[in-house]
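Notes follow the structure.
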Number of protein chains: 2
Amino acid sequence: MQVILIGPDKQQILDIMPDETILSALQRYSIPVAAPCGGKGTCGKCRVSVDGLGMILSCQMHLSPEVWRQAGLTSDKPLVVRLPEPVQAQISTDGLLPAMTLNPLVYKGRAEMPEPSLTDQRPDDQRFYDAAGKTIPYSLLPQLPAVMRKSGYKPSYYFRRDTGAIVAFTHENRPEPLGMAIDIGTTTLAAYLCDLGQGIRLASASMLNPQSIFGADVISRIEQAAGGQQKALRQTIVRAIGDLAGRLIDKACRKTGFNYQREDIAHLVLAGNTTMIHLLAGFPADAIARSPFIPVSLQALTLTAADLELSLNPHAVCQLLPSIAGYVGADITAGILACGLNHLNDDGGKRASLLLDIGTNGEIVLSGPQGMIACSTAAGPAFEGANITCGMGGVQGAIDQVALTGDDLTWTLIGSDLDKDNPSDSQTLARGLCGSGLVAALAVLLEAGLVDETGRITDEPETLPPLLGKRVCQIDGQAAVILAEAAKSAAGEPIYLSQKDIREVQNAKAAIAAGIALLIEQAGLRPEQIDQVFIAGGFGNYLDVRHAFRIGLLPEALNGRTRAVGNTAGMGALYCLLDQDALKEASAAAEQVTYYELSADRRFTDLYIEAMLFPEGNL
Amino acid sequence: MQVILIGPDKQQILDIMPDETILSALQRYSIPVAAPCGGKGTCGKCRVSVDGLGMILSCQMHLSPEVWRQAGLTSDKPLVVRLPEPVQAQISTDGLLPAMTLNPLVYKGRAEMPEPSLTDQRPDDQRFYDAAGKTIPYSLLPQLPAVMRKSGYKPSYYFRRDTGAIVAFTHENRPEPLGMAIDIGTTTLAAYLCDLGQGIRLASASMLNPQSIFGADVISRIEQAAGGQQKALRQTIVRAIGDLAGRLIDKACRKTGFNYQREDIAHLVLAGNTTMIHLLAGFPADAIARSPFIPVSLQALTLTAADLELSLNPHAVCQLLPSIAGYVGADITAGILACGLNHLNDDGGKRASLLLDIGTNGEIVLSGPQGMIACSTAAGPAFEGANITCGMGGVQGAIDQVALTGDDLTWTLIGSDLDKDNPSDSQTLARGLCGSGLVAALAVLLEAGLVDETGRITDEPETLPPLLGKRVCQIDGQAAVILAEAAKSAAGEPIYLSQKDIREVQNAKAAIAAGIALLIEQAGLRPEQIDQVFIAGGFGNYLDVRHAFRIGLLPEALNGRTRAVGNTAGMGALYCLLDQDALKEASAAAEQVTYYELSADRRFTDLYIEAMLFPEGNL
């Protein structure tokens, strides 16, 4: 049986396996539809429209003949499935980058050598070595005779300066080698293209991680991998990296007018959390998902594009940055480098800094006079919009800010400023609530008295100003606060926070606050002694920190010392691309960090319970 | 259109491409039929029988509809093609092996390590390294979690002692690692299986090189590779090595009763001439075929079975021995080690030895007080039976010895002693003349006066004893000497030496004799100063050296100092398998040899012309 899949800009025919779900068919064909719960049917977010049947959860509909019958079709006709409209990702690719001197790993070279003769019968590899002083790996030897002869015995090549090994053969008229830095986030991918000869950043690009079809969080993806999808997950990310490379090359060509090609990319540096790195490297990750949370490897790996099955120059050097623990990954190692946490007290000072990366897990690193310690709090995906009834990622149409204006709430949407003079529905109608909007909403509800310090939605809305009081209601048998009425919602249904949603936020913020408190305690410090708090990631960029302090996500004592530092994972990868010594620095930094396991720690549990209440205070 | 191919023990259906030849179809399907000239139609030896059409050269019949018509078939019916009866190869696998101490590269190990816990969250690779002190290559990391957990954190493995890297994971109940040494000859393959733990040779096996379907000599194969068959040639040898491994394992199991498996083979050492090594390694070899005869690489390469695409344990270490020049290959390097030529004067002596390997090319190495020099003489394939009207390889049914008995010639056949009490036709009927038979025949014809010292067949046969005189006749317009009458021939046609055949032998023996003379001159020696002559290969085993001296293949001054040393290439490879330091020794030896290029050498030409005549003398 067949399905016609109609997407926003193309349609294709899928051959269906007996009784599989629409989601599993979409997964087989690597069609990117977000499925945050990975197909368990708990999140209700993988909706598609089926002609004749209406909106359906794609993970719940088994494609049996009965479905065709219900849709009014005979089984030789294809079922028509329509994907939701795409949302425009708004992913921050900028961030902090430490001062540095250009010192790339891969250079371009050219050698001249005498032609062979009966009195000079040296084999090609030795003739090349004698002239260029470079060794040729086995995989490149088959190309050597043609390269030497076609270039008139003046071959051009990219080579590694550390080992003197050839990375790839190129041509005289090709550019200096290009490098690509990539941060593989669970939710988003960010990539950067550089001219390694001049250290110029040629282009940036980002996209949603298409593995989201296998689940929003790392645990869902690990379960899918262990359940037989290991190869599919790898292929999905491999294809995405290839797509990003293509987009970066296109952008660089448009920007410079030069004819760059994928083959010019000779060096890649990849950051990502430990699970993303495992899925890319082809390592089974299931032991990360269960106690005691053991990864296969945390070490920096220097491989080739062929090893990783990337559709790039197969000989390109690919470096995976080192991770710190199962839940403190190479993205955090890169962040440590980007923020300079590993050099904080190189001058013998007594500074202390925190690095926070808040996503499904809130990773926290404290660098102080005693060195670096890190932990990972299972914050849950609330701040990424999952587990929240009207939650969503930080994409177009998401409420990202909420304010108390006069006697009522107002809000702003991501993407509403894209074309201010001619706003479309998608710019004025809300689709849901992203992480920063969630924090803002709760801060404002606390401030306005709609929610008390225990997190309870008031049961006396009549004591509030009427416009605010009217927002409190009952939905599906529980108290809720309406943020956007049905008329202001893209789906025509109100966007609200339920009592359960607020409990999710309480859990998440308590976990992070407790983690911060614990690391400060472990370092023998008091919160006042922290000089600077780096908040990494898109969440940090969009977050109004006043709201974060108001709900107790961050301890009040750190107020005034926070700094949003953007995509530090990507910046750290970029740093390693531009300075070949940075990979050693990364390995040293990853080893220096003491990982603090919270899952069985009593003191953490105490701090977590303490942090559950919302603090008193004012915005 | 289709062909039914009927072989000696199976039949199969081949789908034919429009107008291709039978030979190219056989090549596409990797069916081993000897085609010495590689399909040029000059050797006339790739005969098959086609029902309705009789015996046909498989390279000459283009499978057009016309062929079907001639065979009395409609084109929807398959044409029936019958392969010739197989001949049993009789390949010498024994040979000289230097004294040595067992010191293999790959060992078996087992480590015990604590299970992970929340207070010991080391990643798998680090836990393994801390317990075993061994590193794990990237390609094996995906196996690590299962290996550790299934073994109860007591994994067993094969490892390299030089680098401390894991070669493969194994099981507690598996044996010590096995090693395989292989000599890839142009005509034949020989392989040996060893228990590396005890240094015991478990089995030997040999086969004809199935690349013979692409031509008998290296030039034909290089031409085929350059003409688009590079991959096919590689796959053919790769498959043959897999077959040999399977046969070796079977033999070892039968011999010992132990359940050996292919996965237990952890180390391979491969010797072969430079072209055979190139074809296996996937290197273009065409520059070897034309002046100035440049190979891609001569160096020793340490790879994995996966690199060579071998269907063995993909992580097994594969070492290709180093070569000396385009026409003095790794088989000769191995021979130097096997005969100890590289250590000949380690004690400061003034000994001199020659190593001869006579095949299509006659490779000659002289080791003397001044070091080692080598050359390769383009002897042509006469001694392998090609270019000789009734020539054939050293396989069953070949005349291998000829004698003057009373007033007539007598001869013996290879394989005639296989079942003496119950001889079959194939044991008593001659099929042709192999190299040693050719040398013997010519020596005897010289001795009996049927051929004079210029190589001319007598035109006065009536002056000879009648039985001998009757053997001289005219065939196809030229003088010939009948060796076996039609009644004693398997094909029912006489087996003879033509005047042209004798010229071929003269060319071949002159090339080798001149090469020997030149090296002795170059070394500043006289023939009397050569202490020992090692004659390698099957030809050396079957050759009666008296005949070689009689026809002037070897200078008379060396008489009494020759030694047949068997498959020195295989023995040298075996030596490198059993002693990990031997590969370095091989590289050093290959570098020590000064290669002497003969192709434009005037002195060689002079010596060659001098050596063309047959010497006077007696058997």
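FYI, nothing fancy with the structure tokens labels: chains A, B, ... in order, residues from 1 per chain, ligands from 1 as they appear.
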
Practice task
Within 9 Å of chain B, which residues of chain A are there when counting only C-alpha atoms? Please give them as an MDAnalysis selection string.
Solution key: chainID A and resid 116:126 138:139 141:146 281:285 287 291:299 301 303 307 325:326 597 599:600

Exercise for the section: Please provide the set of residues having any atom within 9 Å of Ile6 in chain A, restricted to only C-alpha atoms, with same-chain residues fewer than 5 positions apart removed, written as number ranges by chain. Expected result: A: 11-13, 80-83

Problem - range 480-490 of chain A environment, 8 Å, only C-alpha atoms, sequence neighbours closer than 2 positions dropped, as a ChimeraX atom specification - result: /A:409,425-426,428-431,457,471-475,478,492-499

Go ahead and write the residues just picked, N, CA and C atoms, as an mmCIF file, in the first residue's frame.
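Dumped everything to result_5.cif:
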data_model
loop_
_atom_site.group_PDB
_atom_site.id
_atom_site.type_symbol
_atom_site.label_atom_id
_atom_site.label_comp_id
_atom_site.auth_asym_id
_atom_site.auth_seq_id
_atom_site.Cartn_x
_atom_site.Cartn_y
_atom_site.Cartn_z
ATOM 1 N N LEU A 409 -2.069 40.952 30.832
ATOM 2 C CA LEU A 409 -0.845 40.393 30.268
ATOM 3 C C LEU A 409 -0.719 40.787 28.804
ATOM 4 N N ASP A 425 -0.728 36.405 9.253
ATOM 5 C CA ASP A 425 -1.284 35.690 10.403
ATOM 6 C C ASP A 425 -0.188 35.006 11.199
ATOM 7 N N SER A 426 0.779 34.442 10.453
ATOM 8 C CA SER A 426 1.800 33.674 11.160
ATOM 9 C C SER A 426 2.682 34.581 12.000
ATOM 10 N N THR A 428 1.240 37.247 13.724
ATOM 11 C CA THR A 428 0.450 37.825 14.815
ATOM 12 C C THR A 428 -0.271 36.770 15.648
ATOM 13 N N LEU A 429 -0.431 35.567 15.116
ATOM 14 C CA LEU A 429 -1.125 34.515 15.864
ATOM 15 C C LEU A 429 -0.116 33.610 16.572
ATOM 16 N N ALA A 430 -0.393 33.340 17.848
ATOM 17 C CA ALA A 430 0.539 32.539 18.642
ATOM 18 C C ALA A 430 0.336 31.056 18.370
ATOM 19 N N ARG A 431 1.459 30.319 18.392
ATOM 20 C CA ARG A 431 1.379 28.871 18.207
ATOM 21 C C ARG A 431 1.626 28.123 19.507
ATOM 22 N N ILE A 457 -2.129 27.808 41.356
ATOM 23 C CA ILE A 457 -2.928 28.834 40.676
ATOM 24 C C ILE A 457 -4.030 29.259 41.649
ATOM 25 N N ARG A 471 -8.648 35.342 33.300
ATOM 26 C CA ARG A 471 -7.731 34.402 32.646
ATOM 27 C C ARG A 471 -7.647 33.061 33.377
ATOM 28 N N VAL A 472 -8.080 33.046 34.649
ATOM 29 C CA VAL A 472 -8.030 31.784 35.401
ATOM 30 C C VAL A 472 -9.283 30.980 35.070
ATOM 31 N N CYS A 473 -9.113 29.704 34.757
ATOM 32 C CA CYS A 473 -10.266 28.880 34.409
ATOM 33 C C CYS A 473 -9.938 27.426 34.694
ATOM 34 N N GLN A 474 -10.840 26.548 34.373
ATOM 35 C CA GLN A 474 -10.608 25.110 34.489
ATOM 36 C C GLN A 474 -10.533 24.535 33.071
ATOM 37 N N ILE A 475 -9.471 23.770 32.777
ATOM 38 C CA ILE A 475 -9.398 23.090 31.473
ATOM 39 C C ILE A 475 -9.054 21.624 31.739
ATOM 40 N N GLN A 478 -8.540 20.680 35.427
ATOM 41 C CA GLN A 478 -7.533 21.285 36.301
ATOM 42 C C GLN A 478 -7.466 22.786 36.054
ATOM 43 N N GLY A 492 -6.583 28.269 16.745
ATOM 44 C CA GLY A 492 -7.962 28.574 17.110
ATOM 45 C C GLY A 492 -8.348 28.028 18.474
ATOM 46 N N GLU A 493 -7.347 27.576 19.218
ATOM 47 C CA GLU A 493 -7.615 27.091 20.578
ATOM 48 C C GLU A 493 -6.747 27.891 21.532
ATOM 49 N N PRO A 494 -7.232 28.166 22.742
ATOM 50 C CA PRO A 494 -6.470 29.030 23.637
ATOM 51 C C PRO A 494 -5.111 28.437 23.989
ATOM 52 N N ILE A 495 -4.145 29.320 24.228
ATOM 53 C CA ILE A 495 -2.820 28.905 24.693
ATOM 54 C C ILE A 495 -2.749 29.246 26.166
ATOM 55 N N TYR A 496 -2.453 28.199 26.968
ATOM 56 C CA TYR A 496 -2.565 28.384 28.418
ATOM 57 C C TYR A 496 -1.470 27.629 29.138
ATOM 58 N N LEU A 497 -1.342 27.951 30.435
ATOM 59 C CA LEU A 497 -0.489 27.180 31.344
ATOM 60 C C LEU A 497 -1.403 26.468 32.320
ATOM 61 N N SER A 498 -1.271 25.148 32.414
ATOM 62 C CA SER A 498 -2.104 24.404 33.372
ATOM 63 C C SER A 498 -1.351 24.279 34.694
ATOM 64 N N GLN A 499 -2.076 23.867 35.721
ATOM 65 C CA GLN A 499 -1.427 23.631 37.020
ATOM 66 C C GLN A 499 -0.275 22.624 36.855
#

Exercise for the section: Check the smallest atom-to-atom distance from each of A:Pro381, A:Cys375, A:Gln2, A:Ala316 to Trp68 in chain A using only C-alpha atoms, then report the winner. Expected result: A:Gln2

Exercise for the section: Using DSSP on the backbone, list every residue of range 280-507 of chain A that comes out as alpha helix (DSSP H), and give them as number ranges by chain. Expected result: A: 280-281, 286-289, 330-339, 425-428, 435-448, 466-469, 499-507

May I have the selected residues written with N, CA and C atoms, as a compact mmCIF listing (two decimals), in the first residue's frame?
# COMPACT_ATOMS: atom_id res chain seq x y z
N LEU A 280 26.56 9.83 16.22
CA LEU A 280 27.32 10.13 15.01
C LEU A 280 28.45 9.14 14.80
N ALA A 281 29.13 8.79 15.90
CA ALA A 281 30.30 7.90 15.78
C ALA A 281 29.89 6.44 15.60
N ASP A 286 23.25 2.94 24.76
CA ASP A 286 22.20 2.57 25.72
C ASP A 286 22.67 2.59 27.17
N ALA A 287 23.98 2.35 27.42
CA ALA A 287 24.44 2.36 28.81
C ALA A 287 24.48 3.78 29.38
N ILE A 288 24.38 4.79 28.50
CA ILE A 288 24.29 6.17 28.99
C ILE A 288 22.91 6.42 29.60
N ALA A 289 21.91 5.67 29.08
CA ALA A 289 20.52 5.98 29.46
C ALA A 289 20.12 5.38 30.80
N ALA A 330 30.79 17.03 24.82
CA ALA A 330 31.80 17.81 24.12
C ALA A 330 31.32 19.23 23.89
N ASP A 331 29.99 19.44 23.89
CA ASP A 331 29.49 20.81 23.75
C ASP A 331 29.89 21.66 24.96
N ILE A 332 29.93 21.03 26.13
CA ILE A 332 30.33 21.75 27.34
C ILE A 332 31.85 21.96 27.35
N THR A 333 32.59 20.93 26.91
CA THR A 333 34.04 21.11 26.79
C THR A 333 34.34 22.31 25.88
N ALA A 334 33.62 22.37 24.76
CA ALA A 334 33.81 23.49 23.83
C ALA A 334 33.43 24.80 24.51
N GLY A 335 32.36 24.78 25.31
CA GLY A 335 31.92 25.97 26.03
C GLY A 335 32.97 26.45 27.03
N ILE A 336 33.60 25.49 27.69
CA ILE A 336 34.67 25.85 28.64
C ILE A 336 35.78 26.61 27.92
N LEU A 337 36.14 26.11 26.73
CA LEU A 337 37.19 26.79 25.95
C LEU A 337 36.72 28.17 25.49
N ALA A 338 35.46 28.22 24.99
CA ALA A 338 34.96 29.48 24.45
C ALA A 338 34.91 30.56 25.53
N CYS A 339 34.54 30.15 26.77
CA CYS A 339 34.44 31.12 27.86
C CYS A 339 35.75 31.26 28.62
N ASP A 425 -0.73 36.41 9.25
CA ASP A 425 -1.28 35.69 10.40
C ASP A 425 -0.19 35.01 11.20
N SER A 426 0.78 34.44 10.45
CA SER A 426 1.80 33.67 11.16
C SER A 426 2.68 34.58 12.00
N GLN A 427 2.58 35.89 11.79
CA GLN A 427 3.36 36.80 12.61
C GLN A 427 2.57 37.33 13.80
N THR A 428 1.24 37.25 13.72
CA THR A 428 0.45 37.82 14.82
C THR A 428 -0.27 36.77 15.65
N GLY A 435 10.70 28.28 25.70
CA GLY A 435 11.32 28.28 27.03
C GLY A 435 11.36 29.65 27.68
N SER A 436 11.85 30.65 26.93
CA SER A 436 11.97 31.98 27.55
C SER A 436 10.58 32.55 27.84
N GLY A 437 9.60 32.23 26.98
CA GLY A 437 8.23 32.68 27.22
C GLY A 437 7.64 32.03 28.47
N LEU A 438 8.00 30.79 28.67
CA LEU A 438 7.51 30.04 29.84
C LEU A 438 8.02 30.68 31.12
N VAL A 439 9.31 30.99 31.14
CA VAL A 439 9.91 31.62 32.33
C VAL A 439 9.28 32.99 32.56
N ALA A 440 9.11 33.73 31.45
CA ALA A 440 8.53 35.06 31.55
C ALA A 440 7.09 34.98 32.06
N ALA A 441 6.32 34.05 31.50
CA ALA A 441 4.91 33.92 31.90
C ALA A 441 4.80 33.65 33.39
N LEU A 442 5.62 32.70 33.86
CA LEU A 442 5.51 32.33 35.26
C LEU A 442 5.94 33.49 36.16
N ALA A 443 7.01 34.19 35.76
CA ALA A 443 7.47 35.33 36.55
C ALA A 443 6.35 36.36 36.67
N VAL A 444 5.68 36.61 35.56
CA VAL A 444 4.61 37.62 35.54
C VAL A 444 3.40 37.13 36.34
N LEU A 445 3.06 35.84 36.24
CA LEU A 445 1.92 35.31 37.00
C LEU A 445 2.20 35.39 38.50
N LEU A 446 3.47 35.12 38.89
CA LEU A 446 3.84 35.25 40.30
C LEU A 446 3.68 36.70 40.75
N GLU A 447 4.22 37.59 39.92
CA GLU A 447 4.20 39.02 40.21
C GLU A 447 2.76 39.54 40.36
N ALA A 448 1.89 39.01 39.49
CA ALA A 448 0.52 39.50 39.48
C ALA A 448 -0.36 38.78 40.49
N PRO A 466 -10.09 42.52 37.07
CA PRO A 466 -10.98 41.67 36.28
C PRO A 466 -10.33 41.05 35.04
N LEU A 467 -9.52 41.81 34.28
CA LEU A 467 -8.93 41.25 33.07
C LEU A 467 -8.01 40.08 33.39
N LEU A 468 -7.27 40.22 34.49
CA LEU A 468 -6.38 39.12 34.91
C LEU A 468 -7.20 37.96 35.47
N GLY A 469 -8.17 38.29 36.33
CA GLY A 469 -8.97 37.24 36.98
C GLY A 469 -9.68 36.38 35.96
N GLN A 499 -2.08 23.87 35.72
CA GLN A 499 -1.43 23.63 37.02
C GLN A 499 -0.27 22.62 36.86
N LYS A 500 -0.52 21.59 36.04
CA LYS A 500 0.52 20.58 35.82
C LYS A 500 1.74 21.19 35.12
N ASP A 501 1.48 22.08 34.15
CA ASP A 501 2.60 22.74 33.46
C ASP A 501 3.47 23.50 34.46
N ILE A 502 2.80 24.17 35.40
CA ILE A 502 3.56 24.96 36.38
C ILE A 502 4.40 24.04 37.27
N ARG A 503 3.83 22.87 37.59
CA ARG A 503 4.61 21.90 38.39
C ARG A 503 5.86 21.45 37.61
N GLU A 504 5.71 21.26 36.29
CA GLU A 504 6.87 20.87 35.46
C GLU A 504 7.95 21.93 35.53
N VAL A 505 7.53 23.22 35.44
CA VAL A 505 8.51 24.29 35.50
C VAL A 505 9.17 24.32 36.87
N GLN A 506 8.36 24.09 37.92
CA GLN A 506 8.94 24.08 39.27
C GLN A 506 10.02 23.01 39.40
N ASN A 507 9.72 21.82 38.87
CA ASN A 507 10.70 20.73 38.93
C ASN A 507 11.98 21.12 38.18

Exercise for the section: Write out as number ranges by chain the residues lying within 7 Å of range 544-550 of chain A, counting only C-alpha atoms and excluding same-chain residues fewer than 4 positions away. Expected result: A: 439-440, 443, 554-556, 615, 617-619

Write the selection just made, keeping C-alpha atoms, as a PDB file, in the first residue's frame?
ATOM      1  CA  VAL A 439       9.907  31.616  32.331  1.00  0.00           C
ATOM      2  CA  ALA A 440       8.527  35.063  31.551  1.00  0.00           C
ATOM      3  CA  ALA A 443       7.468  35.328  36.553  1.00  0.00           C
ATOM      4  CA  LEU A 554      19.069  31.407  39.336  1.00  0.00           C
ATOM      5  CA  PRO A 555      19.924  32.341  42.936  1.00  0.00           C
ATOM      6  CA  GLU A 556      19.313  36.030  43.611  1.00  0.00           C
ATOM      7  CA  PRO A 615      11.062  32.998  45.945  1.00  0.00           C
ATOM      8  CA  GLY A 617      10.525  39.293  45.365  1.00  0.00           C
ATOM      9  CA  ASN A 618       9.830  41.798  42.669  1.00  0.00           C
ATOM     10  CA  LEU A 619      10.544  42.008  39.015  1.00  0.00           C
TER      11      LEU A 619
END

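The neighbours of Phe169 in chain B here are the residues that come within 7 Å of it, using only C-alpha atoms and leaving out any residue fewer than 3 positions away in the same chain; they are Ser156, Tyr157 and Tyr158 of chain B.
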
Handout entry: Those of range 73-188 of chain B in DSSP strand (DSSP E or B), formatted as number ranges by chain
Key = B: 79-82, 89, 95, 103, 106-110, 117, 120, 135, 156-160, 165-170, 178-184, 188

Problem - Counting only C-alpha atoms, the residue of B:Pro155, B:Pro210, B:Pro78, B:Gly179 that sits nearest Ile31 in chain B - result: B:Pro210

Handout entry: Residues within 12 Å of Ser311 in chain A, only C-alpha atoms, excluding chain neighbours under 6 positions, as a PyMOL selection string
Key = chain A and resi 235+237-246+262-263+265+304-305
